[in-house]
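Engineer: This one is run15.cif, mmCIF, C-alpha atoms.
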```cif
data_model
loop_
_atom_site.label_atom_id
_atom_site.label_comp_id
_atom_site.auth_asym_id
_atom_site.auth_seq_id
_atom_site.Cartn_x
_atom_site.Cartn_y
_atom_site.Cartn_z
CA MET A 736 20.65 -44.97 -3.26
CA LYS A 737 19.25 -41.53 -2.51
CA LYS A 738 15.49 -41.19 -2.75
CA VAL A 739 13.65 -39.23 -5.45
CA ILE A 740 9.94 -38.47 -5.59
CA THR A 741 8.15 -40.70 -8.09
CA PRO A 742 4.83 -40.18 -9.94
CA LYS A 743 3.34 -42.76 -7.56
CA ASP A 744 4.36 -40.58 -4.59
CA ILE A 745 2.77 -37.53 -6.23
CA PHE A 746 -0.50 -39.35 -6.88
CA ARG A 747 -0.61 -40.62 -3.31
CA GLN A 748 -0.04 -37.10 -1.93
CA LEU A 749 -2.65 -35.61 -4.27
CA LYS A 750 -5.17 -38.20 -3.13
CA ALA A 751 -4.42 -37.38 0.51
CA ASP A 752 -4.84 -33.65 -0.14
CA LEU A 753 -8.14 -33.99 -1.97
CA ILE A 754 -9.79 -36.64 0.23
CA GLY A 755 -10.10 -36.34 4.00
CA LYS A 756 -10.72 -33.80 6.72
CA ASP A 757 -7.97 -31.31 7.56
CA SER A 758 -9.56 -30.51 10.93
CA TYR A 759 -7.96 -33.59 12.47
CA ARG A 760 -4.86 -34.20 10.36
CA GLY A 761 -3.43 -30.73 9.71
CA VAL A 762 -2.71 -28.89 6.47
CA THR A 763 0.22 -29.79 4.23
CA LEU A 764 2.21 -27.43 2.01
CA THR A 765 0.87 -29.24 -1.04
CA TYR A 766 -2.72 -28.73 0.12
CA THR A 767 -1.98 -25.07 0.82
CA TRP A 768 -0.58 -24.68 -2.70
CA LEU A 769 -3.71 -26.22 -4.23
CA ALA A 770 -5.91 -23.90 -2.19
CA ASN A 771 -3.75 -20.93 -3.21
CA GLN A 772 -4.16 -21.71 -6.90
CA PHE A 773 -7.91 -22.10 -6.47
CA GLY A 774 -7.82 -18.63 -4.94
CA HIS A 775 -5.95 -17.28 -7.97
CA PHE A 776 -8.47 -18.93 -10.28
CA SER A 777 -11.32 -17.35 -8.28
CA LEU A 778 -9.66 -13.91 -8.44
CA GLY A 779 -9.89 -14.18 -12.19
CA PHE A 780 -13.34 -15.73 -12.29
CA ILE A 781 -15.27 -13.52 -9.86
CA PRO A 782 -14.14 -10.07 -11.14
CA THR A 783 -14.85 -11.21 -14.71
CA PHE A 784 -18.39 -12.16 -13.73
CA VAL A 785 -18.94 -8.81 -12.00
CA VAL A 786 -17.55 -6.81 -14.92
CA PHE A 787 -19.70 -8.87 -17.31
CA LEU A 788 -22.86 -7.89 -15.39
CA ILE A 789 -21.91 -4.26 -15.91
CA LEU A 790 -20.88 -4.51 -19.57
CA LYS A 791 -23.83 -6.58 -20.76
CA LYS A 792 -26.07 -3.55 -20.29
CA HIS A 793 -24.13 -1.76 -23.03
CA MET A 794 -23.23 -4.52 -25.53
CA PRO A 795 -24.15 -8.08 -26.57
CA GLU A 796 -23.54 -10.71 -23.90
CA SER A 797 -20.91 -12.65 -25.86
CA ARG A 798 -18.92 -9.50 -26.49
CA ALA A 799 -19.35 -8.34 -22.89
CA ALA A 800 -18.11 -11.70 -21.58
CA LEU A 801 -15.01 -11.63 -23.77
CA ASN A 802 -14.21 -8.00 -22.98
CA ALA A 803 -14.63 -8.65 -19.26
CA ALA A 804 -12.14 -11.53 -19.38
CA LEU A 805 -9.66 -9.47 -21.39
CA GLY A 806 -9.96 -6.51 -19.06
CA VAL A 807 -9.48 -8.56 -15.90
CA SER A 808 -6.56 -10.45 -17.45
CA ILE A 809 -4.80 -7.23 -18.45
CA THR A 810 -5.38 -5.79 -14.98
CA TRP A 811 -3.75 -8.78 -13.30
CA LEU A 812 -0.88 -8.68 -15.79
CA ALA A 813 -0.24 -5.02 -14.95
CA PHE A 814 -0.44 -5.69 -11.21
CA GLU A 815 1.95 -8.66 -11.26
CA THR A 816 4.37 -6.84 -13.59
CA TYR A 817 4.54 -3.92 -11.18
CA ASN A 818 4.74 -6.24 -8.18
CA PHE A 819 7.73 -8.09 -9.64
CA LEU A 820 9.60 -5.55 -11.80
CA GLY A 821 8.96 -2.36 -9.83
CA PRO A 822 11.21 -3.04 -6.82
CA LEU A 823 13.72 -4.96 -8.97
CA LEU A 824 14.26 -2.14 -11.47
CA SER A 825 14.44 0.46 -8.73
CA GLY A 826 17.67 -1.11 -7.50
CA LYS A 827 16.51 -1.16 -3.89
CA ALA A 828 15.93 -4.91 -3.81
CA ARG A 829 19.48 -5.85 -4.75
CA LYS A 830 20.95 -3.65 -2.03
CA ARG A 831 18.83 -5.23 0.70
CA TYR A 832 19.87 -8.85 0.33
CA ILE A 833 22.98 -10.63 1.57
CA PHE A 834 21.94 -13.64 -0.52
CA GLN A 835 20.04 -12.64 -3.63
CA PRO A 836 16.63 -14.25 -4.13
CA ALA A 837 16.26 -16.79 -6.92
CA TRP A 838 14.78 -14.25 -9.31
CA GLY A 839 14.11 -16.83 -12.02
CA ASN A 840 12.19 -18.94 -9.50
CA ILE A 841 10.15 -15.90 -8.46
CA ALA A 842 9.47 -14.98 -12.08
CA PHE A 843 8.24 -18.51 -12.78
CA ASP A 844 5.96 -18.29 -9.74
CA THR A 845 4.58 -14.98 -11.03
CA ILE A 846 3.86 -16.50 -14.44
CA THR A 847 2.12 -19.44 -12.76
CA ASP A 848 -0.11 -17.06 -10.83
CA LEU A 849 -1.02 -15.24 -14.02
CA LEU A 850 -1.96 -18.47 -15.79
CA TYR A 851 -4.44 -19.25 -13.01
CA PHE A 852 -5.81 -15.67 -12.98
CA TRP A 853 -6.35 -15.82 -16.73
CA SER A 854 -7.84 -19.33 -16.65
CA GLY A 855 -10.45 -18.18 -14.14
CA ALA A 856 -11.24 -15.12 -16.20
CA PHE A 857 -11.83 -17.01 -19.45
CA MET A 858 -13.75 -19.79 -17.71
CA ALA A 859 -16.16 -17.13 -16.45
CA SER A 860 -16.29 -15.65 -19.96
CA ILE A 861 -17.38 -18.98 -21.43
CA LEU A 862 -20.09 -19.46 -18.81
CA CYS A 863 -21.39 -15.91 -19.15
CA GLY A 864 -21.38 -15.68 -22.93
CA TYR A 865 -19.77 -18.42 -24.98
CA THR A 866 -17.35 -17.46 -27.75
CA PRO A 867 -14.93 -19.70 -29.70
CA THR A 868 -12.14 -17.22 -28.88
CA ALA A 869 -12.62 -17.62 -25.13
CA LEU A 870 -12.69 -21.42 -25.46
CA SER A 871 -9.50 -21.43 -27.52
CA VAL A 872 -7.69 -19.21 -25.01
CA LEU A 873 -8.84 -21.37 -22.11
CA LEU A 874 -7.60 -24.55 -23.79
CA ILE A 875 -4.22 -22.95 -24.46
CA LEU A 876 -3.97 -21.74 -20.85
CA THR A 877 -4.89 -25.21 -19.57
CA ALA A 878 -2.10 -26.75 -21.63
CA MET A 879 0.36 -24.10 -20.46
CA VAL A 880 -0.43 -24.55 -16.77
CA LEU A 881 0.19 -28.31 -16.71
CA TYR A 882 3.96 -28.14 -16.28
CA PRO A 883 3.95 -25.30 -13.68
CA ALA A 884 1.33 -27.20 -11.68
CA TYR A 885 3.47 -30.33 -11.76
CA TYR A 886 6.65 -28.43 -10.88
CA TRP A 887 5.23 -26.47 -7.95
CA TYR A 888 3.31 -29.39 -6.47
CA LEU A 889 6.45 -31.53 -6.67
CA THR A 890 8.51 -28.73 -5.12
CA LYS A 891 6.08 -28.47 -2.19
CA MET A 892 6.52 -32.19 -1.58
CA TYR A 893 10.29 -31.71 -1.42
CA LEU A 894 9.75 -28.83 1.02
CA GLN A 895 7.27 -30.49 3.38
CA THR A 896 8.93 -33.89 3.77
CA PRO A 897 12.05 -32.59 5.63
CA SER A 898 9.80 -31.21 8.43
CA TYR A 899 11.56 -27.86 8.74
CA PRO A 900 10.63 -26.05 11.98
CA PHE A 901 9.66 -22.90 10.04
CA GLN A 902 9.64 -21.47 6.51
CA PHE A 903 12.78 -19.48 5.83
CA ARG A 904 14.54 -18.76 2.55
CA LEU A 905 18.18 -17.81 2.40
CA SER A 906 17.36 -14.40 0.92
CA GLN A 907 15.62 -13.55 4.20
CA TRP A 908 18.94 -13.71 6.02
CA ASN A 909 19.89 -10.08 6.73
CA THR A 910 22.88 -9.60 9.01
CA GLU A 911 26.01 -7.64 8.15
CA SER A 912 28.08 -9.68 10.61
CA LEU A 913 28.56 -12.45 8.04
CA PRO A 914 31.95 -11.97 6.32
CA GLN A 915 32.23 -12.26 2.56
CA LYS A 916 34.42 -15.36 2.86
CA ASP A 917 31.65 -17.09 4.83
CA ILE A 918 29.10 -16.07 2.20
CA ASP A 919 31.34 -17.59 -0.47
CA GLU A 920 31.66 -20.82 1.53
CA ILE A 921 27.88 -21.09 1.87
CA ARG A 922 27.52 -20.62 -1.87
CA ARG A 923 30.14 -23.32 -2.42
CA PHE A 924 28.06 -25.67 -0.27
CA LEU A 925 24.91 -24.77 -2.21
CA ASP A 926 26.52 -25.23 -5.61
CA ASN A 927 28.22 -28.51 -4.71
CA LYS A 928 27.22 -31.16 -7.24
CA GLY A 929 28.72 -34.11 -5.41
CA GLN A 930 28.12 -35.83 -2.09
CA GLY A 931 29.76 -35.81 1.29
CA MET A 932 30.24 -32.07 1.87
CA HIS A 933 29.91 -30.97 5.51
CA LEU A 934 29.13 -27.47 6.78
CA PHE A 935 29.72 -26.70 10.49
CA LEU A 936 27.81 -23.73 11.92
CA PHE A 937 29.20 -22.59 15.28
CA GLY A 938 27.80 -19.75 17.33
CA PRO A 939 26.16 -18.72 20.61
CA LYS A 940 22.46 -18.36 21.29
CA ARG A 941 20.67 -15.96 18.89
CA SER A 942 23.45 -16.08 16.34
CA GLY A 943 21.01 -17.45 13.75
CA LYS A 944 22.52 -20.90 13.31
CA THR A 945 19.19 -22.67 12.92
CA SER A 946 17.76 -19.99 10.60
CA LEU A 947 20.81 -20.17 8.37
CA SER A 948 20.77 -23.97 8.28
CA VAL A 949 17.06 -24.04 7.40
CA GLY A 950 17.56 -21.34 4.75
CA ILE A 951 20.38 -23.27 3.06
CA ALA A 952 18.50 -26.57 3.17
CA THR A 953 15.31 -24.90 1.89
CA GLU A 954 17.12 -23.61 -1.20
CA LEU A 955 18.36 -27.13 -1.88
CA SER A 956 14.87 -28.57 -1.35
CA ILE A 957 13.52 -26.13 -3.92
CA ARG A 958 16.15 -27.51 -6.29
CA HIS A 959 14.57 -30.92 -5.62
CA HIS A 960 17.20 -32.35 -3.31
CA THR A 961 15.85 -34.74 -0.68
CA ALA A 962 16.47 -33.31 2.78
CA VAL A 963 15.88 -34.22 6.41
CA TYR A 964 15.87 -31.79 9.33
CA THR A 965 16.36 -33.32 12.76
CA SER A 966 17.69 -32.52 16.19
CA ALA A 967 20.74 -34.40 17.42
CA MET A 968 18.69 -36.22 20.07
CA LYS A 969 16.27 -37.59 17.47
CA LEU A 970 19.15 -38.59 15.22
CA TYR A 971 20.74 -40.65 17.99
CA CYS A 972 17.59 -42.77 18.07
CA MET A 973 17.56 -43.01 14.27
CA PHE A 974 21.06 -44.54 14.39
CA PHE A 975 19.50 -47.62 16.00
CA GLU A 976 16.70 -48.06 13.46
CA HIS A 977 17.01 -51.28 11.47
CA ASP A 978 14.04 -50.74 9.17
CA ASP A 979 14.88 -48.04 6.64
CA ALA A 980 11.58 -48.26 4.76
CA ALA A 981 9.73 -44.98 4.22
CA SER A 982 6.00 -44.56 4.66
CA ALA A 983 3.25 -42.54 3.03
CA ASP A 984 3.89 -39.69 5.47
CA VAL A 985 7.70 -39.88 5.36
CA LEU A 986 8.91 -40.40 1.80
CA TRP A 987 12.54 -40.86 2.82
CA THR A 988 14.53 -41.42 5.97
CA TRP A 989 17.80 -39.73 6.89
CA ARG A 990 19.74 -42.54 5.22
CA LYS A 991 18.01 -41.88 1.88
CA ALA A 992 18.32 -38.08 1.99
CA SER A 993 20.91 -36.10 0.07
CA ILE A 994 20.86 -33.23 2.61
CA LEU A 995 20.87 -33.72 6.38
CA VAL A 996 20.49 -30.86 8.89
CA ILE A 997 21.51 -31.84 12.45
CA ASP A 998 20.32 -29.10 14.81
CA ASP A 999 20.92 -28.55 18.54
CA ILE A 1000 24.01 -30.72 18.83
CA ASN A 1001 25.23 -28.31 21.52
CA PRO A 1002 23.43 -25.22 22.84
CA GLY A 1003 26.35 -22.78 23.01
CA ASP A 1004 26.60 -19.64 25.15
CA PRO A 1005 25.33 -19.07 27.86
CA ILE A 1006 25.83 -22.81 28.47
CA LYS A 1007 29.60 -23.11 28.52
CA HIS A 1008 30.09 -26.87 28.41
CA ASP A 1009 29.41 -29.11 25.42
CA LEU A 1010 26.74 -31.72 26.06
CA ILE A 1011 28.02 -33.87 23.20
CA THR A 1012 31.65 -34.21 22.13
CA PRO A 1013 32.80 -35.53 18.75
CA ASP A 1014 33.90 -38.79 20.39
CA GLN A 1015 30.50 -39.24 22.04
CA PHE A 1016 28.73 -38.52 18.76
CA LEU A 1017 30.85 -41.10 16.97
CA SER A 1018 30.07 -43.66 19.66
CA PHE A 1019 26.35 -43.28 18.89
CA VAL A 1020 27.12 -43.63 15.19
CA ASP A 1021 28.96 -46.90 15.79
CA THR A 1022 26.55 -48.46 18.30
CA PHE A 1023 24.40 -49.74 15.46
CA SER A 1024 27.21 -50.81 13.16
CA THR A 1025 25.75 -53.27 10.66
CA ASN A 1026 28.27 -53.01 7.81
CA ASP A 1027 29.19 -49.54 9.19
CA ILE A 1028 26.00 -48.22 7.58
CA ASN A 1029 25.82 -45.07 9.71
CA ARG A 1030 29.41 -44.10 8.94
CA THR A 1031 28.86 -44.74 5.25
CA VAL A 1032 25.71 -42.60 5.12
CA LEU A 1033 27.35 -39.70 6.98
CA ARG A 1034 30.36 -39.90 4.67
CA GLN A 1035 28.21 -39.82 1.52
CA THR A 1036 25.61 -37.23 2.59
CA ASN A 1037 25.81 -33.44 2.50
CA VAL A 1038 25.38 -32.46 6.15
CA ILE A 1039 24.82 -29.17 7.98
CA TRP A 1040 26.00 -29.42 11.60
CA VAL A 1041 24.50 -26.85 14.01
CA LEU A 1042 26.76 -26.65 17.07
CA GLY A 1043 27.51 -24.33 20.00
CA ASP A 1044 30.36 -21.86 20.30
CA ASP A 1045 33.65 -22.57 18.58
CA ASP A 1046 35.93 -22.47 21.64
CA ARG A 1047 39.40 -21.85 20.21
CA SER A 1048 41.10 -22.98 23.41
CA ARG A 1049 39.49 -26.43 23.06
CA GLN A 1050 39.82 -26.47 19.26
CA LEU A 1051 36.21 -27.57 18.81
CA SER A 1052 36.08 -27.00 15.07
CA GLU A 1053 39.24 -29.03 14.55
CA ARG A 1054 37.96 -31.86 16.75
CA TRP A 1055 34.65 -32.15 14.88
CA GLN A 1056 36.47 -32.08 11.56
CA ASP A 1057 38.93 -34.72 12.78
CA MET A 1058 35.99 -36.97 13.66
CA LEU A 1059 34.75 -36.81 10.05
CA LEU A 1060 38.24 -37.24 8.64
CA ASN A 1061 38.51 -40.45 10.66
CA ILE A 1062 35.42 -41.90 8.96
CA GLY A 1063 36.73 -41.06 5.49
CA VAL A 1064 35.42 -37.58 4.64
CA GLU A 1065 37.79 -35.61 2.41
CA LYS A 1066 39.33 -32.51 4.02
CA GLU A 1067 38.43 -30.22 1.12
CA LYS A 1068 34.77 -31.06 1.72
CA LEU A 1069 34.78 -29.64 5.27
CA ILE A 1070 33.54 -26.07 5.85
CA SER A 1071 33.44 -24.40 9.27
CA LEU A 1072 31.74 -21.05 9.99
CA ASN A 1073 31.59 -19.17 13.29
CA LEU A 1074 28.55 -16.90 13.55
CA GLN A 1075 28.33 -13.86 15.77
CA SER A 1076 25.67 -13.21 18.40
CA CYS A 1077 23.22 -11.25 16.31
CA ALA A 1078 19.72 -12.52 15.51
CA PRO A 1079 19.10 -11.97 11.77
CA PRO A 1080 15.75 -10.28 11.09
CA MET A 1081 13.58 -11.65 8.31
CA ILE A 1082 13.12 -9.36 5.34
CA ARG A 1083 9.52 -8.37 4.86
CA GLY A 1084 8.58 -6.93 1.51
CA GLU A 1085 7.34 -7.27 -1.98
CA TYR A 1086 8.78 -10.73 -2.61
CA ASP A 1087 7.68 -12.56 0.56
CA LEU A 1088 4.50 -13.91 -1.05
CA HIS A 1089 6.42 -15.35 -3.98
CA MET A 1090 9.20 -16.79 -1.85
CA GLN A 1091 6.71 -18.63 0.33
CA SER A 1092 4.37 -19.72 -2.46
#
```
How does the structure come out when it is put into structure tokens?

Structural biologist:
Amino acid sequence: MKKVITPKDIFRQLKADLIGKDSYRGVTLTYTWLANQFGHFSLGFIPTFVVFLILKKHMPESRAALNAALGVSITWLAFETYNFLGPLLSGKARKRYIFQPAWGNIAFDTITDLLYFWSGAFMASILCGYTPTALSVLLILTAMVLYPAYYWYLTKMYLQTPSYPFQFRLSQWNTESLPQKDIDEIRRFLDNKGQGMHLFLFGPKRSGKTSLSVGIATELSIRHHTAVYTSAMKLYCMFFEHDDAASADVLWTWRKASILVIDDINPGDPIKHDLITPDQFLSFVDTFSTNDINRTVLRQTNVIWVLGDDDRSRQLSERWQDMLLNIGVEKEKLISLNLQSCAPPMIRGEYDLHMQS
């Protein structure tokens, strides 16, 4: 069965993020998210305290504290509304993207930020000049933030476990060399509800194969699919592993993932010859053949294959597809794309913060 993250896994990760020294173990995405929300809370708390010090000279402290919290909250609401809706309503954003950002996901992230801004503001209001109104608002905000906190923390766990080489969302892909039919095929892979769909990405060096594979897998991770990113060389060693038990640091292995990205199977141009052929790959799959477990997992997992150039004279795409057909993959679940030599630049702009948060 494919792995899912359990409440026990979440508690264990939260404990690891809150206890220990990051100077020797590194910083996780979940820890970064917690620190980010503390920053949002502080950006509500500190300005409220400063505005309170100014207002209390002109009105009672309780009133000054409440007005300060309201003023800071409205200011952050206006800023985030402009930050999100301004570029969207202008029409410029939609023209810039080959793959549209998940606007609902970004909106939810914006609302989450606002809840933390407002919580900080009304916490400062209570400490500066207690009012029942401020306490009531803070309690409501605390209740409202529980689900977003759970959702985003869980999402970060799905994003950090695959060990992607870099952060890259599909909306950051920006190259006009991708035909519409290829875009449609990528969307078909993303929207696939079943198992065992395989996407081959062929192309020379700097065609963006790895970026595209990471972008696709990242979108699926955000949808809470379990994913594993690995190079072909590492996967060959994983074929021989008998113990499939996960650990605290690795919640699932490649056999328990629903999405598998196999990078660097072949380098492509300027290296003309394939280092690994389909037959050689299959021989590694079968070397550890207890109940054909490796074949079964590959057949039942959605896989992104990152290969070299699709040499028409050697029919590379057909040969790789034939290899999967031989282990029982259905033909209609095979997708093959040939990318051009054009490095896709990342889009920098108004939505980067939200897409990475």

Engineer: Just to confirm, what's the straight-line distance from atom CA of Val1020 of chain A to atom CA of Phe974 of chain A in Å (one decimal)?

Structural biologist: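 Between atom CA of Val1020 of chain A and atom CA of Phe974 of chain A the gap is 6.2 Å.
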
Engineer: Can you tell me, as a ChimeraX atom specification, what residues are no more than 10 Å from Pro900 of chain A when counting all atoms listed in the file, ignoring any on the same chain fewer than 6 positions away?

Structural biologist: /A:945-946,949,964-965

Engineer: Which polymer residues have any atom within 7 Å of an atom of segment 773-782 of chain A, counting only C-alpha atoms, with same-chain residues fewer than 6 positions away left out, as a tab-separated table (two decimals) with C-alpha atoms, in the frame of the given file?

Structural biologist:
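Writing the result to result_9.tsv gives the following:
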```tsv
chain	number	residue	atom	x	y	z
A	807	VAL	CA	-9.48	-8.56	-15.90
A	848	ASP	CA	-0.11	-17.06	-10.83
A	851	TYR	CA	-4.44	-19.25	-13.01
A	852	PHE	CA	-5.81	-15.67	-12.98
A	853	TRP	CA	-6.35	-15.82	-16.73
A	854	SER	CA	-7.84	-19.33	-16.65
A	855	GLY	CA	-10.45	-18.18	-14.14
A	856	ALA	CA	-11.24	-15.12	-16.20
A	858	MET	CA	-13.75	-19.79	-17.71
A	859	ALA	CA	-16.16	-17.13	-16.45
```

Engineer: Could the residues of segment 796-846 of chain A that have an atom at most 12 Å from segment 918-928 of chain A be listed as a tab-separated table, each with its closest atom pair and the distance in Å to one decimal, counting only C-alpha atoms and ordered by chain and ascending residue number?

Structural biologist:
```
residue	atom	partner	partner_atom	distance
A:Tyr832	CA	A:Ile918	CA	11.9
A:Ile833	CA	A:Ile918	CA	8.2
A:Phe834	CA	A:Ile918	CA	8.0
A:Gln835	CA	A:Arg922	CA	11.1
```

Engineer: Suppose a student applies the PyMOL selection byres ((chain A and resi 938) around 12) to this structure; what residues should they get, written as a ChimeraX atom specification?

Structural biologist: /A:913,935-937,939-945,947,999-1007,1040-1046,1051-1052,1071-1078
